[in-house]
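A quick write-up on the structure given underneath.
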Amino acid sequence: MDFTKTTEQDSHYNHLEQKSVDELLKAINNEDQSVPKAVAKALPQIELLVEKVVQQLKSGGRLFYMGAGTSGRLGILDASECPPTFGVPHDLVIGLIAGGDSAIRKAVEFAEDDSEQGWKDLQQQHINAKDIVIGIAASGTTPYVIGALKACGAQQIPTGCISCNAGSPLTQVADLPIEVVVGPEVVTGSSRMKAGTAQKLILNMITTTAMIQLGRVKGNKMVDMQLSNHKLVNRGTQMLMNELQISEIEAKTLLDTHQNVRAAIHAFKNT
């Protein structure tokens with residue numbers, strides 16, 4: 001490779017096993033503070049990708065995340081939180097991981113090294129040019145992800161990526177790459193740490209911004225959230241009380257009738 005893998009470079013800290021708990025926590029926290037600054041530098045790249053995501057979703061397409069290991073799990077996490085948070089269908093944002101669903105909990109050996117399986121996984125989802133695929137790989141060298149994005153390019157399916165190394169092979173095959181260079185980890189090569197944190201921050205940005213742009217937030221409230229537990233029912237009740245200036249009993253009745261905050265607001269204002 002003709003690029004430097006900062007994610008694999010030696011830690012700035014040594015003799016970790018000799019340090020106290022206090023020293024270790026301070027070292028990790030010190031490194032973590034650099035992550036938002038690295039993400040800030042990538043905001044122009046993130047903006048371009050989010051705009052394309054919004055365009056594809058508004059045109060009836062879906063958003064796919066693809067990754068291996070921690071990167072794959074983070075994509076699945078972000079995808080799985082979109083339906084309860086924003087009330088969108090479960091197949092609007094889809095996370096795929098090398099090795100399949102069993103790899104969510106337990107690593108599947110060498111699954112990430114198969115450069116053809118990623119495209120096969122996308123074909124099983126009936127991928128098409130309305131969709132958009134974002135490859136997630138801290139190293140920027142994961143064959144499972146690179147192979148999938150290459151195949152997407154050949155089929156005119158738009159792609160993006162999130163990598164933590166500058167000038168990686170993954171960046172070369174993505175239409176809209178994001179490079180967030182966080183530097184060496186406290187434990188050398190443990191990219192679940194700063195790199196994973198950076199990826200999580202960016203994934204938060206992508207789906208949250210896209211869903212706001214799609215009209216899934218009113219003011220600053222999750223009016224389309226699924227009322228799947230008592231905490232969320234109580235939150236929805238409070239939203240209605242504040243928005244409509246009604247009593248708690250009225251709000252609960254309204255929410256119980258319509259099972260959705262947005263629908264309840266609409267019904268109340270149109271009676």
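All residue names refer to the structure tokens as shown: chains lettered A, B, ... in order, residues numbered from 1 in each chain, ligands numbered from 1 in order.
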Using only C-alpha atoms, what table do you get, as CSV, when you list each residue of region 117-233 of chain A with an atom no more than 7 Å from region 53-59 of chain A, its nearest pair of atoms, and their distance in Å rounded to one decimal, rows by chain then rising number?
residue,atom,partner,partner_atom,distance
A:Lys130,CA,A:Gln56,CA,5.9
A:Asp131,CA,A:Gln56,CA,6.0
A:Ile132,CA,A:Val53,CA,6.6
A:Ala210,CA,A:Val54,CA,5.5
Write out, as a tab-separated table, each residue of region 35-77 of chain A that has an atom at most 10 Å from region 101-115 of chain A, together with the closest pair of atoms and their distance in Å to one decimal, counting only C-alpha atoms, rows going by chain and rising number.
residue	atom	partner	partner_atom	distance
A:Gly67	CA	A:Glu112	CA	8.1
A:Ala68	CA	A:Glu112	CA	5.7
A:Gly69	CA	A:Ala107	CA	6.7
A:Thr70	CA	A:Ile104	CA	8.7
A:Gly72	CA	A:Ile104	CA	7.8
A:Arg73	CA	A:Ile104	CA	5.9
A:Leu74	CA	A:Ile104	CA	9.5
A:Ile76	CA	A:Ile104	CA	8.4
A:Leu77	CA	A:Ile104	CA	9.7
Using the selection just defined, write its residues with C-alpha atoms as an mmCIF file, in the first residue's frame.
data_model
loop_
_atom_site.group_PDB
_atom_site.id
_atom_site.type_symbol
_atom_site.label_atom_id
_atom_site.label_comp_id
_atom_site.auth_asym_id
_atom_site.auth_seq_id
_atom_site.Cartn_x
_atom_site.Cartn_y
_atom_site.Cartn_z
ATOM 1 C CA GLY A 67 -18.863 -3.048 7.174
ATOM 2 C CA ALA A 68 -16.966 -5.767 9.006
ATOM 3 C CA GLY A 69 -16.407 -6.139 12.741
ATOM 4 C CA THR A 70 -16.912 -2.954 14.748
ATOM 5 C CA GLY A 72 -20.376 -3.370 10.548
ATOM 6 C CA ARG A 73 -21.901 -3.396 14.022
ATOM 7 C CA LEU A 74 -21.987 0.391 14.157
ATOM 8 C CA ILE A 76 -26.368 -2.036 12.037
ATOM 9 C CA LEU A 77 -26.812 -0.078 15.276
#
Using only C-alpha atoms, the residue out of A:Pro184, A:Gly189, A:Gly236, A:Pro143 with shortest distance to Ser168 (chain A) is A:Pro143
What lies within 7 Å of Glu248 (chain A) using only C-alpha atoms, ignoring chain neighbours under 4 positions off, as number ranges by chain?
-> A: 237, 241, 252
For the selection you just gave me, I'd like the residues written to a file as a compact mmCIF listing (two decimals), in the first residue's frame, keeping C-alpha atoms.
# COMPACT_ATOMS: atom_id res chain seq x y z
CA THR A 237 -47.76 12.68 26.19
CA MET A 241 -49.29 18.75 26.44
CA LYS A 252 -52.97 10.51 27.03
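Near region 211-220 of chain A, within 7 Å and counting only C-alpha atoms, sit A:Phe86, A:Thr207, A:Asp224; same-chain residues fewer than 4 positions away were not included.
Taking region 55-87 of chain A and asking which residues DSSP calls helix (DSSP H, G or I) on the backbone, you get Gln55, Gln56, Leu57, Lys58, Gly69, Thr70, Ser71, Gly72, Arg73, Leu74, Gly75, Ile76, Leu77, Asp78, Ala79, Ser80, Glu81, Cys82, Pro83, Pro84, Thr85 and Phe86 of chain A.
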Requested write-out: C-alpha atoms of the selected residues, as a short mmCIF file (atom, residue, chain, number, x, y, z; two decimals), in the first residue's frame:
data_model
loop_
_atom_site.label_atom_id
_atom_site.label_comp_id
_atom_site.auth_asym_id
_atom_site.auth_seq_id
_atom_site.Cartn_x
_atom_site.Cartn_y
_atom_site.Cartn_z
CA GLN A 55 -31.79 12.87 -2.63
CA GLN A 56 -31.85 9.06 -2.92
CA LEU A 57 -34.30 8.58 -0.05
CA LYS A 58 -36.64 11.25 -1.42
CA GLY A 69 -16.41 -6.14 12.74
CA THR A 70 -16.91 -2.95 14.75
CA SER A 71 -17.66 -0.95 11.59
CA GLY A 72 -20.38 -3.37 10.55
CA ARG A 73 -21.90 -3.40 14.02
CA LEU A 74 -21.99 0.39 14.16
CA GLY A 75 -23.81 0.51 10.82
CA ILE A 76 -26.37 -2.04 12.04
CA LEU A 77 -26.81 -0.08 15.28
CA ASP A 78 -27.53 3.16 13.42
CA ALA A 79 -29.88 1.46 10.96
CA SER A 80 -31.80 -0.34 13.73
CA GLU A 81 -32.45 2.91 15.60
CA CYS A 82 -34.10 4.72 12.67
CA PRO A 83 -37.53 3.00 12.81
CA PRO A 84 -38.17 3.56 16.55
CA THR A 85 -36.72 7.08 16.51
CA PHE A 86 -38.21 8.41 13.28
#
Find the residue from A:Thr257, A:Val181, A:Arg192, A:Ala263 that sits nearest to Val39 (chain A); use only C-alpha atoms when measuring.
->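 Answer, going by the shortest atom-to-atom distance: A:Val181.
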Out of A:Asn14, A:Gln199, A:Thr188, A:Thr141, which residue has the shortest atom-to-atom distance to Tyr65 (chain A) when counting only C-alpha atoms?
->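 Ranking A:Asn14, A:Gln199, A:Thr188, A:Thr141 by distance to Tyr65 (chain A), first place goes to A:Gln199.
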When DSSP works through the backbone of this structure, what residues of region 17-250 of chain A end up as strand (DSSP E), shown as a JSON list (two decimals) with N, CA and C atoms, in the first residue's frame?
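For reference, states16.json as written:
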[["chain", "number", "residue", "atom", "x", "y", "z"],
["A", 63, "LEU", "N", -31.05, 3.42, 2.10],
["A", 63, "LEU", "CA", -29.67, 3.64, 2.53],
["A", 63, "LEU", "C", -29.12, 2.33, 3.09],
["A", 64, "PHE", "N", -27.99, 1.89, 2.54],
["A", 64, "PHE", "CA", -27.32, 0.69, 3.04],
["A", 64, "PHE", "C", -25.99, 1.06, 3.69],
["A", 65, "TYR", "N", -25.73, 0.46, 4.84],
["A", 65, "TYR", "CA", -24.42, 0.53, 5.47],
["A", 65, "TYR", "C", -23.76, -0.84, 5.32],
["A", 66, "MET", "N", -22.46, -0.86, 5.04],
["A", 66, "MET", "CA", -21.74, -2.12, 4.92],
["A", 66, "MET", "C", -20.43, -2.03, 5.68],
["A", 67, "GLY", "N", -20.12, -3.04, 6.46],
["A", 67, "GLY", "CA", -18.86, -3.05, 7.17],
["A", 67, "GLY", "C", -18.56, -4.42, 7.74],
["A", 93, "VAL", "N", -33.41, 2.00, 6.04],
["A", 93, "VAL", "CA", -31.97, 2.03, 6.34],
["A", 93, "VAL", "C", -31.57, 0.63, 6.78],
["A", 94, "ILE", "N", -30.63, 0.02, 6.06],
["A", 94, "ILE", "CA", -30.28, -1.38, 6.27],
["A", 94, "ILE", "C", -28.78, -1.51, 6.53],
["A", 95, "GLY", "N", -28.44, -2.20, 7.59],
["A", 95, "GLY", "CA", -27.04, -2.46, 7.91],
["A", 95, "GLY", "C", -26.66, -3.89, 7.56],
["A", 96, "LEU", "N", -25.56, -4.04, 6.83],
["A", 96, "LEU", "CA", -25.05, -5.36, 6.47],
["A", 96, "LEU", "C", -23.66, -5.54, 7.06],
["A", 97, "ILE", "N", -23.37, -6.74, 7.57],
["A", 97, "ILE", "CA", -22.07, -7.01, 8.19],
["A", 97, "ILE", "C", -21.45, -8.26, 7.57],
["A", 132, "ILE", "N", -28.50, 3.98, -2.10],
["A", 132, "ILE", "CA", -27.15, 4.47, -1.89],
["A", 132, "ILE", "C", -26.48, 3.57, -0.85],
["A", 133, "VAL", "N", -25.21, 3.27, -1.07],
["A", 133, "VAL", "CA", -24.47, 2.35, -0.21],
["A", 133, "VAL", "C", -23.28, 3.07, 0.41],
["A", 134, "ILE", "N", -23.18, 3.00, 1.73],
["A", 134, "ILE", "CA", -22.06, 3.62, 2.44],
["A", 134, "ILE", "C", -21.21, 2.51, 3.07],
["A", 135, "GLY", "N", -19.97, 2.42, 2.62],
["A", 135, "GLY", "CA", -19.03, 1.46, 3.18],
["A", 135, "GLY", "C", -18.33, 2.04, 4.40],
["A", 136, "ILE", "N", -18.27, 1.26, 5.47],
["A", 136, "ILE", "CA", -17.64, 1.72, 6.71],
["A", 136, "ILE", "C", -16.44, 0.82, 7.00],
["A", 137, "ALA", "N", -15.25, 1.41, 7.07],
["A", 137, "ALA", "CA", -14.04, 0.63, 7.36],
["A", 137, "ALA", "C", -12.98, 1.56, 7.90],
["A", 159, "THR", "N", -22.37, 5.66, -4.12],
["A", 159, "THR", "CA", -21.70, 5.13, -2.93],
["A", 159, "THR", "C", -21.00, 6.23, -2.14],
["A", 160, "GLY", "N", -20.85, 5.95, -0.86],
["A", 160, "GLY", "CA", -20.04, 6.79, 0.02],
["A", 160, "GLY", "C", -19.24, 5.88, 0.93],
["A", 161, "CYS", "N", -18.36, 6.45, 1.73],
["A", 161, "CYS", "CA", -17.62, 5.63, 2.67],
["A", 161, "CYS", "C", -17.18, 6.46, 3.87],
["A", 162, "ILE", "N", -16.88, 5.77, 4.96],
["A", 162, "ILE", "CA", -16.31, 6.39, 6.16],
["A", 162, "ILE", "C", -15.05, 5.61, 6.49],
["A", 163, "SER", "N", -13.91, 6.27, 6.33],
["A", 163, "SER", "CA", -12.62, 5.65, 6.62],
["A", 163, "SER", "C", -11.83, 6.54, 7.55],
["A", 176, "LEU", "N", -18.47, 9.41, -2.86],
["A", 176, "LEU", "CA", -18.49, 10.49, -1.87],
["A", 176, "LEU", "C", -17.81, 10.01, -0.58],
["A", 177, "PRO", "N", -16.49, 10.02, -0.56],
["A", 177, "PRO", "CA", -15.77, 9.51, 0.60],
["A", 177, "PRO", "C", -15.70, 10.49, 1.76],
["A", 178, "ILE", "N", -15.70, 9.94, 2.96],
["A", 178, "ILE", "CA", -15.44, 10.71, 4.18],
["A", 178, "ILE", "C", -14.19, 10.13, 4.81],
["A", 179, "GLU", "N", -13.19, 10.98, 5.03],
["A", 179, "GLU", "CA", -11.96, 10.56, 5.70],
["A", 179, "GLU", "C", -11.86, 11.32, 7.01]]
Here CA of Asn260 (chain A) and CA of Met239 (chain A) stand apart by 11.0 Å
May I ask for the distance between CA of Thr197 (chain A) and CA of Glu47 (chain A), given in Å to one decimal place?
->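 Distance reported for this atom pair: 18.7 Å.
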Can you pull out every residue within 12 Å of Ser34 (chain A), counting only C-alpha atoms, but drop anything in the same chain fewer than 2 positions away, and send it as a list in words?
->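 Residues meeting the cut-off are Ala27, Ile28, Asn29, Asn30, Glu31, Asp32, Pro36, Lys37, Ala38, Val39, Ala40, Lys41, Val180, Val181, Val182, Gly183, Pro184, Glu185, Met193, Lys194, Ala195, Thr197 and Ala198 of chain A.
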Output N, CA and C atoms of each residue in that selection to a file, as a compact mmCIF listing (two decimals), in the first residue's frame.
# COMPACT_ATOMS: atom_id res chain seq x y z
N ALA A 27 -5.49 8.73 29.90
CA ALA A 27 -4.91 8.57 28.57
C ALA A 27 -6.00 8.38 27.52
N ILE A 28 -6.96 7.50 27.83
CA ILE A 28 -8.05 7.23 26.88
C ILE A 28 -8.89 8.49 26.67
N ASN A 29 -9.23 9.16 27.77
CA ASN A 29 -10.03 10.38 27.68
C ASN A 29 -9.31 11.47 26.90
N ASN A 30 -8.02 11.58 27.11
CA ASN A 30 -7.22 12.58 26.40
C ASN A 30 -7.27 12.34 24.89
N GLU A 31 -7.14 11.09 24.49
CA GLU A 31 -7.22 10.76 23.06
C GLU A 31 -8.63 10.97 22.52
N ASP A 32 -9.64 10.60 23.30
CA ASP A 32 -11.03 10.75 22.86
C ASP A 32 -11.38 12.19 22.53
N PRO A 36 -13.87 14.64 18.08
CA PRO A 36 -14.78 15.63 17.47
C PRO A 36 -14.05 16.64 16.59
N LYS A 37 -12.81 16.96 16.92
CA LYS A 37 -12.04 17.89 16.09
C LYS A 37 -11.74 17.28 14.73
N ALA A 38 -11.43 15.98 14.73
CA ALA A 38 -11.18 15.29 13.47
C ALA A 38 -12.45 15.23 12.62
N VAL A 39 -13.58 14.97 13.28
CA VAL A 39 -14.87 14.94 12.58
C VAL A 39 -15.19 16.31 12.00
N ALA A 40 -14.90 17.37 12.75
CA ALA A 40 -15.18 18.73 12.27
C ALA A 40 -14.46 19.02 10.96
N LYS A 41 -13.24 18.52 10.84
CA LYS A 41 -12.48 18.74 9.60
C LYS A 41 -13.13 18.05 8.40
N VAL A 180 -11.89 10.59 8.11
CA VAL A 180 -11.77 11.22 9.42
C VAL A 180 -10.57 10.59 10.12
N VAL A 181 -9.46 11.31 10.08
CA VAL A 181 -8.18 10.75 10.54
C VAL A 181 -7.98 11.07 12.02
N VAL A 182 -8.18 10.06 12.85
CA VAL A 182 -8.13 10.27 14.30
C VAL A 182 -6.77 9.92 14.91
N GLY A 183 -5.88 9.33 14.11
CA GLY A 183 -4.55 9.01 14.61
C GLY A 183 -4.48 7.70 15.37
N PRO A 184 -3.31 7.38 15.92
CA PRO A 184 -3.10 6.11 16.60
C PRO A 184 -4.00 5.95 17.83
N GLU A 185 -4.36 4.69 18.11
CA GLU A 185 -5.18 4.39 19.28
C GLU A 185 -4.30 4.21 20.52
N MET A 193 -11.87 1.93 19.21
CA MET A 193 -11.79 3.04 20.15
C MET A 193 -12.04 4.38 19.44
N LYS A 194 -11.03 5.17 19.18
CA LYS A 194 -11.25 6.48 18.56
C LYS A 194 -11.89 6.38 17.18
N ALA A 195 -11.42 5.44 16.38
CA ALA A 195 -11.98 5.29 15.04
C ALA A 195 -13.46 4.94 15.11
N THR A 197 -15.50 5.59 17.58
CA THR A 197 -16.22 6.76 18.09
C THR A 197 -16.48 7.76 16.97
N ALA A 198 -15.47 7.98 16.14
CA ALA A 198 -15.63 8.90 15.01
C ALA A 198 -16.70 8.40 14.04
Go ahead and compute the interatomic distance for CA of Ile127 (chain A) and CA of Cys164 (chain A), in Å to one decimal.
-> 26.4 Å
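Closest to Leu122 (chain A) among A:Leu149, A:Ser11, A:Gly140, A:Glu243 is A:Leu149, based on only C-alpha atoms.
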Counting only C-alpha atoms, which of A:Ile146, A:Ile265, A:Val223, A:Val35 gets nearest to Gln245 (chain A)?
->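 Of A:Ile146, A:Ile265, A:Val223, A:Val35, the one nearest Gln245 (chain A) is A:Ile265, counting only C-alpha atoms.
Using only C-alpha atoms for every distance, the candidate list A:Leu240, A:Gly153, A:Asn165, A:Arg262 yields A:Asn165 as the residue closest to Ser191 (chain A).
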